[in-house]
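To be precise, the following lines are entry33.cif, and they hold mmCIF, C-alpha atoms and all ligand atoms.
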```cif
data_target
loop_
_atom_site.group_PDB
_atom_site.id
_atom_site.type_symbol
_atom_site.label_atom_id
_atom_site.label_comp_id
_atom_site.auth_asym_id
_atom_site.auth_seq_id
_atom_site.Cartn_x
_atom_site.Cartn_y
_atom_site.Cartn_z
ATOM 1 C CA MET A 1 58.140 86.509 92.797
ATOM 2 C CA ARG A 2 57.179 89.872 91.263
ATOM 3 C CA GLU A 3 59.541 91.511 88.780
ATOM 4 C CA GLU A 4 60.263 94.431 91.199
ATOM 5 C CA GLU A 5 61.072 92.043 94.029
ATOM 6 C CA GLU A 6 63.364 90.160 91.713
ATOM 7 C CA GLU A 7 65.136 93.420 90.769
ATOM 8 C CA GLU A 8 65.673 94.176 94.468
ATOM 9 C CA ILE A 9 67.462 90.864 94.904
ATOM 10 C CA PHE A 10 69.871 91.761 92.137
ATOM 11 C CA LYS A 11 70.532 95.235 93.500
ATOM 12 C CA PHE A 12 71.469 94.424 97.068
ATOM 13 C CA PRO A 13 74.276 92.362 98.546
ATOM 14 C CA MET A 14 73.525 89.153 100.404
ATOM 15 C CA ASN A 15 73.202 89.629 104.145
ATOM 16 C CA THR A 16 72.057 86.274 105.404
ATOM 17 C CA LEU A 17 72.215 82.679 104.355
ATOM 18 C CA ASP A 18 68.502 82.838 103.457
ATOM 19 C CA ASP A 19 69.211 85.733 101.086
ATOM 20 C CA LEU A 20 71.964 83.717 99.503
ATOM 21 C CA ASN A 21 69.717 80.649 99.063
ATOM 22 C CA THR A 22 66.950 82.768 97.529
ATOM 23 C CA PHE A 23 69.472 84.369 95.237
ATOM 24 C CA ASN A 24 70.982 81.035 94.179
ATOM 25 C CA SER A 25 67.635 79.427 93.374
ATOM 26 C CA LEU A 26 66.538 82.548 91.533
ATOM 27 C CA ILE A 27 69.526 82.614 89.216
ATOM 28 C CA SER A 28 69.579 78.859 88.656
ATOM 29 C CA GLU A 29 65.925 79.048 87.506
ATOM 30 C CA ASN A 30 66.603 82.061 85.371
ATOM 31 C CA PRO A 31 69.552 81.737 82.949
ATOM 32 C CA ASP A 32 68.806 85.119 81.337
ATOM 33 C CA LYS A 33 69.221 86.895 84.661
ATOM 34 C CA GLN A 34 72.417 84.971 85.241
ATOM 35 C CA LYS A 35 73.850 86.323 81.994
ATOM 36 C CA GLN A 36 72.951 89.873 83.022
ATOM 37 C CA LEU A 37 74.884 89.656 86.246
ATOM 38 C CA LEU A 38 78.249 91.305 86.224
ATOM 39 C CA ASN A 39 79.578 88.606 88.463
ATOM 40 C CA PRO A 40 77.782 85.239 88.324
ATOM 41 C CA GLN A 41 79.759 84.160 91.402
ATOM 42 C CA HIS A 42 78.179 87.069 93.271
ATOM 43 C CA THR A 43 81.292 87.834 95.240
ATOM 44 C CA VAL A 44 82.990 91.081 96.150
ATOM 45 C CA PRO A 45 85.104 92.730 94.986
ATOM 46 C CA THR A 46 84.022 93.165 91.367
ATOM 47 C CA LEU A 47 85.743 95.843 89.288
ATOM 48 C CA VAL A 48 84.094 97.481 86.293
ATOM 49 C CA ASP A 49 86.504 99.528 84.180
ATOM 50 C CA GLY A 50 84.822 100.588 80.966
ATOM 51 C CA ASP A 51 83.813 97.343 79.251
ATOM 52 C CA THR A 52 86.098 95.261 81.407
ATOM 53 C CA VAL A 53 84.620 93.347 84.352
ATOM 54 C CA ILE A 54 87.016 91.591 86.725
ATOM 55 C CA THR A 55 85.712 89.463 89.561
ATOM 56 C CA ASN A 56 88.609 88.277 91.672
ATOM 57 C CA SER A 57 90.550 90.562 94.024
ATOM 58 C CA HIS A 58 93.937 89.173 92.978
ATOM 59 C CA ALA A 59 93.137 89.528 89.281
ATOM 60 C CA ILE A 60 91.888 93.063 90.026
ATOM 61 C CA SER A 61 95.149 94.081 91.733
ATOM 62 C CA ILE A 62 97.245 92.690 88.879
ATOM 63 C CA TYR A 63 95.068 94.509 86.333
ATOM 64 C CA LEU A 64 95.275 97.820 88.202
ATOM 65 C CA VAL A 65 99.069 97.741 88.483
ATOM 66 C CA GLU A 66 99.537 96.585 84.873
ATOM 67 C CA LYS A 67 97.136 99.153 83.468
ATOM 68 C CA TYR A 68 97.518 102.152 85.766
ATOM 69 C CA GLY A 69 100.703 101.618 87.803
ATOM 70 C CA LYS A 70 103.354 104.366 87.471
ATOM 71 C CA ASN A 71 105.989 101.635 87.725
ATOM 72 C CA ASP A 72 106.158 97.876 88.279
ATOM 73 C CA ALA A 73 107.191 97.997 91.982
ATOM 74 C CA LEU A 74 103.993 96.424 93.287
ATOM 75 C CA TYR A 75 103.960 93.690 90.622
ATOM 76 C CA PRO A 76 107.463 93.342 89.147
ATOM 77 C CA LYS A 77 107.920 92.590 85.447
ATOM 78 C CA ASP A 78 111.031 90.499 86.178
ATOM 79 C CA VAL A 79 109.850 86.917 85.709
ATOM 80 C CA VAL A 80 111.482 85.454 88.812
ATOM 81 C CA ARG A 81 110.311 88.219 91.127
ATOM 82 C CA ARG A 82 106.851 88.153 89.579
ATOM 83 C CA THR A 83 106.620 84.387 90.041
ATOM 84 C CA LEU A 84 107.339 84.764 93.736
ATOM 85 C CA VAL A 85 104.632 87.439 94.027
ATOM 86 C CA ASN A 86 102.240 85.085 92.183
ATOM 87 C CA GLN A 87 103.072 82.253 94.549
ATOM 88 C CA ARG A 88 102.199 84.428 97.553
ATOM 89 C CA LEU A 89 98.997 85.646 95.869
ATOM 90 C CA PHE A 90 97.955 82.045 95.181
ATOM 91 C CA PHE A 91 98.853 81.153 98.761
ATOM 92 C CA ASP A 92 96.498 83.906 99.912
ATOM 93 C CA GLU A 93 93.733 82.792 97.542
ATOM 94 C CA GLY A 94 94.058 79.035 97.945
ATOM 95 C CA THR A 95 95.199 78.600 101.543
ATOM 96 C CA MET A 96 94.879 81.579 103.867
ATOM 97 C CA PHE A 97 91.608 82.982 102.505
ATOM 98 C CA GLN A 98 89.993 79.541 102.149
ATOM 99 C CA ILE A 99 90.238 78.919 105.895
ATOM 100 C CA LEU A 100 88.594 82.268 106.543
ATOM 101 C CA TYR A 101 85.902 81.665 103.925
ATOM 102 C CA LEU A 102 85.040 78.145 105.096
ATOM 103 C CA THR A 103 84.950 79.182 108.757
ATOM 104 C CA MET A 104 82.738 82.182 108.086
ATOM 105 C CA THR A 105 80.402 80.458 105.617
ATOM 106 C CA TYR A 106 79.971 77.083 107.272
ATOM 107 C CA SER A 107 80.351 77.938 110.946
ATOM 108 C CA VAL A 108 80.068 81.581 112.033
ATOM 109 C CA ILE A 109 77.176 82.631 109.747
ATOM 110 C CA ARG A 110 75.328 79.377 110.482
ATOM 111 C CA LYS A 111 75.995 79.823 114.193
ATOM 112 C CA GLU A 112 77.702 76.453 114.366
ATOM 113 C CA LYS A 113 80.755 75.503 116.371
ATOM 114 C CA ILE A 114 84.017 76.022 114.472
ATOM 115 C CA PRO A 115 85.644 72.639 113.686
ATOM 116 C CA GLU A 116 88.976 71.981 115.381
ATOM 117 C CA LEU A 117 90.395 71.200 111.933
ATOM 118 C CA ASN A 118 89.922 74.832 110.837
ATOM 119 C CA LYS A 119 91.981 75.974 113.803
ATOM 120 C CA LYS A 120 94.730 73.489 112.863
ATOM 121 C CA ARG A 121 94.688 74.677 109.252
ATOM 122 C CA ALA A 122 94.927 78.329 110.360
ATOM 123 C CA GLU A 123 97.900 77.463 112.566
ATOM 124 C CA GLU A 124 99.542 75.638 109.659
ATOM 125 C CA ALA A 125 99.005 78.647 107.373
ATOM 126 C CA TYR A 126 100.546 80.998 109.984
ATOM 127 C CA LYS A 127 103.567 78.672 110.146
ATOM 128 C CA PHE A 128 103.998 78.835 106.358
ATOM 129 C CA LEU A 129 103.787 82.618 106.412
ATOM 130 C CA GLU A 130 106.292 82.831 109.265
ATOM 131 C CA THR A 131 108.708 80.799 107.125
ATOM 132 C CA PHE A 132 108.090 82.882 103.997
ATOM 133 C CA LEU A 133 108.997 86.002 105.984
ATOM 134 C CA LYS A 134 112.275 84.609 107.305
ATOM 135 C CA GLY A 135 115.144 87.011 106.511
ATOM 136 C CA GLN A 136 113.000 89.412 104.506
ATOM 137 C CA GLU A 137 110.784 92.379 105.227
ATOM 138 C CA TRP A 138 107.896 91.649 102.881
ATOM 139 C CA VAL A 139 106.222 88.443 101.799
ATOM 140 C CA ALA A 140 107.825 88.346 98.358
ATOM 141 C CA GLY A 141 111.242 89.833 99.117
ATOM 142 C CA ASN A 142 112.540 93.091 100.453
ATOM 143 C CA SER A 143 110.042 95.387 98.818
ATOM 144 C CA LEU A 144 106.323 95.783 99.230
ATOM 145 C CA THR A 145 104.159 94.137 96.555
ATOM 146 C CA ILE A 146 100.465 93.466 96.003
ATOM 147 C CA ALA A 147 100.992 90.124 97.760
ATOM 148 C CA ASP A 148 101.509 92.017 101.046
ATOM 149 C CA LEU A 149 98.401 94.108 100.442
ATOM 150 C CA HIS A 150 96.326 90.961 99.976
ATOM 151 C CA LEU A 151 97.834 88.871 102.737
ATOM 152 C CA ILE A 152 97.663 91.601 105.368
ATOM 153 C CA THR A 153 93.898 91.840 105.016
ATOM 154 C CA THR A 154 93.428 88.071 105.170
ATOM 155 C CA VAL A 155 95.868 87.507 108.034
ATOM 156 C CA THR A 156 94.534 90.306 110.248
ATOM 157 C CA THR A 157 90.978 89.108 109.631
ATOM 158 C CA LEU A 158 91.839 85.454 110.262
ATOM 159 C CA ASN A 159 93.601 86.570 113.439
ATOM 160 C CA ILE A 160 90.214 87.611 114.847
ATOM 161 C CA LEU A 161 88.844 84.095 114.358
ATOM 162 C CA PHE A 162 92.070 82.296 115.265
ATOM 163 C CA PRO A 163 94.351 84.650 117.230
ATOM 164 C CA PHE A 164 97.994 83.726 116.753
ATOM 165 C CA ASN A 165 100.537 83.623 119.520
ATOM 166 C CA ASN A 166 102.870 86.586 118.966
ATOM 167 C CA GLU A 167 105.820 84.766 120.528
ATOM 168 C CA LYS A 168 105.497 81.878 118.076
ATOM 169 C CA TYR A 169 105.366 84.117 115.035
ATOM 170 C CA PRO A 170 107.847 87.023 115.455
ATOM 171 C CA ASN A 171 108.300 87.486 111.697
ATOM 172 C CA ILE A 172 104.545 87.841 111.205
ATOM 173 C CA VAL A 173 104.300 90.312 114.098
ATOM 174 C CA LYS A 174 107.052 92.533 112.627
ATOM 175 C CA TRP A 175 105.525 92.311 109.148
ATOM 176 C CA VAL A 176 102.072 93.290 110.481
ATOM 177 C CA GLU A 177 103.694 96.314 112.184
ATOM 178 C CA ARG A 178 105.395 97.260 108.913
ATOM 179 C CA CYS A 179 102.054 97.069 107.116
ATOM 180 C CA GLN A 180 100.348 99.081 109.858
ATOM 181 C CA ALA A 181 102.916 101.844 109.277
ATOM 182 C CA LEU A 182 101.862 102.237 105.620
ATOM 183 C CA PRO A 183 100.061 105.563 105.116
ATOM 184 C CA TYR A 184 96.976 103.853 103.648
ATOM 185 C CA TYR A 185 96.731 101.058 106.247
ATOM 186 C CA ILE A 186 93.684 102.864 107.657
ATOM 187 C CA GLU A 187 91.701 101.336 104.767
ATOM 188 C CA ASN A 188 92.261 97.891 106.259
ATOM 189 C CA ALA A 189 91.955 99.054 109.882
ATOM 190 C CA ARG A 190 88.468 100.474 109.329
ATOM 191 C CA GLY A 191 87.024 97.320 107.771
ATOM 192 C CA LEU A 192 88.801 95.167 110.301
ATOM 193 C CA GLN A 193 87.260 97.057 113.203
ATOM 194 C CA ALA A 194 83.768 96.695 111.735
ATOM 195 C CA TYR A 195 84.359 92.981 111.085
ATOM 196 C CA SER A 196 85.749 92.492 114.577
ATOM 197 C CA ASN A 197 82.716 94.143 116.207
ATOM 198 C CA THR A 198 80.287 91.900 114.343
ATOM 199 C CA VAL A 199 82.196 88.652 114.507
ATOM 200 C CA THR A 200 83.300 88.917 118.135
ATOM 201 C CA SER A 201 79.683 89.111 119.196
ATOM 202 C CA LEU A 202 78.718 86.177 116.919
ATOM 203 C CA LEU A 203 81.621 84.093 118.212
ATOM 204 C CA SER A 204 80.511 84.582 121.796
ATOM 205 C CA LYS A 205 77.218 82.862 120.899
ATOM 206 C CA LEU A 206 78.695 79.767 119.215
HETATM 207 N N1 LIG B 1 89.038 84.706 96.239
HETATM 208 C C1 LIG B 1 88.005 85.654 95.902
HETATM 209 C C2 LIG B 1 87.078 85.672 97.085
HETATM 210 C C3 LIG B 1 85.826 86.447 96.881
HETATM 211 C C4 LIG B 1 84.877 86.210 98.031
HETATM 212 O O1 LIG B 1 84.615 85.049 98.392
HETATM 213 N N2 LIG B 1 84.396 87.304 98.618
HETATM 214 C C5 LIG B 1 83.460 87.158 99.723
HETATM 215 C C6 LIG B 1 83.581 88.328 100.669
HETATM 216 S S1 LIG B 1 85.179 88.439 101.360
HETATM 217 C C7 LIG B 1 82.058 87.160 99.169
HETATM 218 O O2 LIG B 1 81.743 87.950 98.318
HETATM 219 N N3 LIG B 1 81.239 86.242 99.671
HETATM 220 C C8 LIG B 1 79.859 86.155 99.287
HETATM 221 C C9 LIG B 1 79.565 84.813 98.677
HETATM 222 O O3 LIG B 1 80.453 83.965 98.569
HETATM 223 O O4 LIG B 1 78.408 84.660 98.259
HETATM 224 C C10 LIG B 1 88.629 87.022 95.673
HETATM 225 O O5 LIG B 1 89.795 87.203 96.000
HETATM 226 O O6 LIG B 1 87.965 87.895 95.108
#
```

Mind converting the file's structure to structure tokens?
Amino acid sequence: MREEEEEEIFKFPMNTLDDLNTFNSLISENPDKQKQLLNPQHTVPTLVDGDTVITNSHAISIYLVEKYGKNDALYPKDVVRRTLVNQRLFFDEGTMFQILYLTMTYSVIRKEKIPELNKKRAEEAYKFLETFLKGQEWVAGNSLTIADLHLITTVTTLNILFPFNNEKYPNIVKWVERCQALPYYIENARGLQAYSNTVTSLLSKL
């Protein structure tokens, strides 16, 4: 591959599985290039703030509140409240998002049928969330935190792949409505609409 072609690969995001495979073999054959990459995992989001590079969305949110937040409301300093926020963030990262990631990567993008197990795991995750929300307005208590901002994007996206039954999950439905009423919810709505347009048409072909 010519140097310029190689540069192109590093400039543009991956669009198809072939791009990803080319990219992976390129970096595994080229350790120097790997070191130059801001994010060797090649995932979004990646935040660059001066000399600081952060490559995980949850770590990014924590960093932004800690460094630039006017107060600690979104990520409380109180150890017990913070631990609960962390638990919900790790639930998003390790449970809710993983179902979305595995379904997209191994089924939808490859145009393969979605395994029944993924559907069961999504249902299980919705049940956990429904329980977390019992008797409280937000996922980590009665005030909005970064855990809500993360989970709302994952849950609304997962809901396109595995629509949940509103009657079974009243706490989730009310929480989604609360999130939709936030003045900046439009940021999620826009991406969600674009995702929905693409994925709904892919799903119809599986
Ligand atoms: N848990 C990570 C997930 C990052 C991630 O997997 N992002 C996806 C897009 S939502 C991505 O960049 N996928 C491309 C890939 O895995 O190559 C985070 O919160 O940042």

note = In terms of all atoms listed in the file, the residue from A:Thr154, A:Thr83, A:Thr145, A:Thr52 at minimal distance from ligand LIG 1 (chain B) is A:Thr154

Collect all residues with atoms no farther than 9 Å from ligand LIG 1 (chain B), counting all atoms listed in the file, and output them as a PDB file with C-alpha atoms, keeping the file's coordinate frame.
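So the final result, stored in part.pdb, reads:
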```
ATOM      1  CA  PRO A  13      74.276  92.362  98.546  1.00  0.00           C
ATOM      2  CA  MET A  14      73.525  89.153 100.404  1.00  0.00           C
ATOM      3  CA  ASN A  15      73.202  89.629 104.145  1.00  0.00           C
ATOM      4  CA  LEU A  17      72.215  82.679 104.355  1.00  0.00           C
ATOM      5  CA  LEU A  20      71.964  83.717  99.503  1.00  0.00           C
ATOM      6  CA  GLN A  41      79.759  84.160  91.402  1.00  0.00           C
ATOM      7  CA  HIS A  42      78.179  87.069  93.271  1.00  0.00           C
ATOM      8  CA  THR A  43      81.292  87.834  95.240  1.00  0.00           C
ATOM      9  CA  VAL A  44      82.990  91.081  96.150  1.00  0.00           C
ATOM     10  CA  PRO A  45      85.104  92.730  94.986  1.00  0.00           C
ATOM     11  CA  THR A  46      84.022  93.165  91.367  1.00  0.00           C
ATOM     12  CA  THR A  55      85.712  89.463  89.561  1.00  0.00           C
ATOM     13  CA  ASN A  56      88.609  88.277  91.672  1.00  0.00           C
ATOM     14  CA  SER A  57      90.550  90.562  94.024  1.00  0.00           C
ATOM     15  CA  HIS A  58      93.937  89.173  92.978  1.00  0.00           C
ATOM     16  CA  ALA A  59      93.137  89.528  89.281  1.00  0.00           C
ATOM     17  CA  ILE A  60      91.888  93.063  90.026  1.00  0.00           C
ATOM     18  CA  ASP A  92      96.498  83.906  99.912  1.00  0.00           C
ATOM     19  CA  GLU A  93      93.733  82.792  97.542  1.00  0.00           C
ATOM     20  CA  GLY A  94      94.058  79.035  97.945  1.00  0.00           C
ATOM     21  CA  PHE A  97      91.608  82.982 102.505  1.00  0.00           C
ATOM     22  CA  GLN A  98      89.993  79.541 102.149  1.00  0.00           C
ATOM     23  CA  LEU A 100      88.594  82.268 106.543  1.00  0.00           C
ATOM     24  CA  TYR A 101      85.902  81.665 103.925  1.00  0.00           C
ATOM     25  CA  THR A 105      80.402  80.458 105.617  1.00  0.00           C
ATOM     26  CA  HIS A 150      96.326  90.961  99.976  1.00  0.00           C
TER      27      HIS A 150
END
```

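Of the listed residues (A:Glu123, A:Asp49, A:Glu137, A:Glu66), A:Glu123 comes nearest to Asn159 of chain A; the distances count all atoms listed in the file.
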
task = Take atom CA of Val155 of chain A and atom CA of Tyr195 of chain A and report the distance between them in Å, one decimal.
result =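 Atom-to-atom, atom CA of Val155 of chain A and atom CA of Tyr195 of chain A are spaced 13.1 Å apart.
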
Given all atoms listed in the file, how would the per-residue table for segment 139-165 of chain A near segment 188-192 of chain A read, listing every residue at most 8 Å away with its closest atom pair and distance in Å to one decimal, sorted by chain and number, as CSV?
```
residue,atom,partner,partner_atom,distance
A:Thr153,CA,A:Asn188,CA,6.4
A:Thr156,CA,A:Leu192,CA,7.5
A:Thr157,CA,A:Leu192,CA,6.5
```

message = For a quick check of understanding, using only C-alpha atoms, which of A:Leu149, A:Met96, A:Ile109, A:Leu161 has the smallest distance to Tyr184 of chain A?
response =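 When distances to Tyr184 of chain A are compared using only C-alpha atoms, the smallest one comes from A:Leu149.
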
query = What do you get, as a ChimeraX atom specification, if you spell out every residue that the PyMOL selection byres (((chain A and resi 126) around 12) and not hetatm) selects here?
reply = /A:91-92,95-97,99,119-125,127-133,151-152,154-156,158-159,162-166,168-173

task = Could you jot down the atom CA of Val85 of chain A to atom CA of Gln180 of chain A separation for me, Å, one decimal place?
result =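 Pair atom CA of Val85 of chain A / atom CA of Gln180 of chain A returns 20.1 Å.
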
request  = Have a look at atom CA of Ile54 of chain A and atom CA of Pro76 of chain A and let me know their distance in Å, one decimal.
outcome  =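 Interatomic distance here is 20.7 Å.
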
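Minimum atom-to-atom distances from A:Gln193, A:Pro115, A:Trp175, A:Ala140 to Tyr75 of chain A were compared using only C-alpha atoms, and the lowest value belongs to A:Ala140.
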
ask   = With only C-alpha atoms as the atoms that count, which of A:Val48, A:Ile160, A:Ala181, A:Leu144 lies nearest to Ser196 of chain A?
value =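 Checking each of A:Val48, A:Ile160, A:Ala181, A:Leu144 against Ser196 of chain A, counting only C-alpha atoms, the winner is A:Ile160.
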
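With all atoms listed in the file as the atoms that count, the minimum distance from Ser61 of chain A to the choices A:Leu117, A:Leu84, A:Leu47, A:Val199 is reached by A:Leu47.
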
Reconstructed segment 87-102 of chain A, atom set N, CA and C atoms, as a short mmCIF file (atom, residue, chain, number, x, y, z; two decimals), keeping the file's coordinate frame:
```cif
data_model
loop_
_atom_site.label_atom_id
_atom_site.label_comp_id
_atom_site.auth_asym_id
_atom_site.auth_seq_id
_atom_site.Cartn_x
_atom_site.Cartn_y
_atom_site.Cartn_z
N GLN A 87 103.18 83.36 93.58
CA GLN A 87 103.07 82.25 94.55
C GLN A 87 102.40 82.72 95.82
N ARG A 88 102.79 83.90 96.31
CA ARG A 88 102.20 84.43 97.55
C ARG A 88 100.73 84.79 97.34
N LEU A 89 100.40 85.32 96.15
CA LEU A 89 99.00 85.65 95.87
C LEU A 89 98.16 84.37 95.85
N PHE A 90 98.71 83.30 95.25
CA PHE A 90 97.96 82.04 95.18
C PHE A 90 97.88 81.40 96.57
N PHE A 91 98.89 81.63 97.38
CA PHE A 91 98.85 81.15 98.76
C PHE A 91 97.72 81.86 99.51
N ASP A 92 97.59 83.16 99.27
CA ASP A 92 96.50 83.91 99.91
C ASP A 92 95.15 83.35 99.44
N GLU A 93 95.00 83.24 98.12
CA GLU A 93 93.73 82.79 97.54
C GLU A 93 93.38 81.35 97.95
N GLY A 94 94.36 80.47 97.81
CA GLY A 94 94.06 79.04 97.94
C GLY A 94 94.20 78.48 99.35
N THR A 95 94.96 79.15 100.20
CA THR A 95 95.20 78.60 101.54
C THR A 95 94.63 79.53 102.62
N MET A 96 95.24 80.69 102.76
CA MET A 96 94.88 81.58 103.87
C MET A 96 93.40 81.99 103.79
N PHE A 97 92.98 82.48 102.61
CA PHE A 97 91.61 82.98 102.50
C PHE A 97 90.59 81.85 102.62
N GLN A 98 90.95 80.66 102.12
CA GLN A 98 89.99 79.54 102.15
C GLN A 98 89.59 79.18 103.58
N ILE A 99 90.55 79.25 104.50
CA ILE A 99 90.24 78.92 105.90
C ILE A 99 89.24 79.94 106.44
N LEU A 100 89.49 81.19 106.11
CA LEU A 100 88.59 82.27 106.54
C LEU A 100 87.21 82.07 105.94
N TYR A 101 87.17 81.81 104.64
CA TYR A 101 85.90 81.67 103.92
C TYR A 101 85.09 80.49 104.48
N LEU A 102 85.76 79.34 104.62
CA LEU A 102 85.04 78.14 105.10
C LEU A 102 84.53 78.35 106.52
#
```
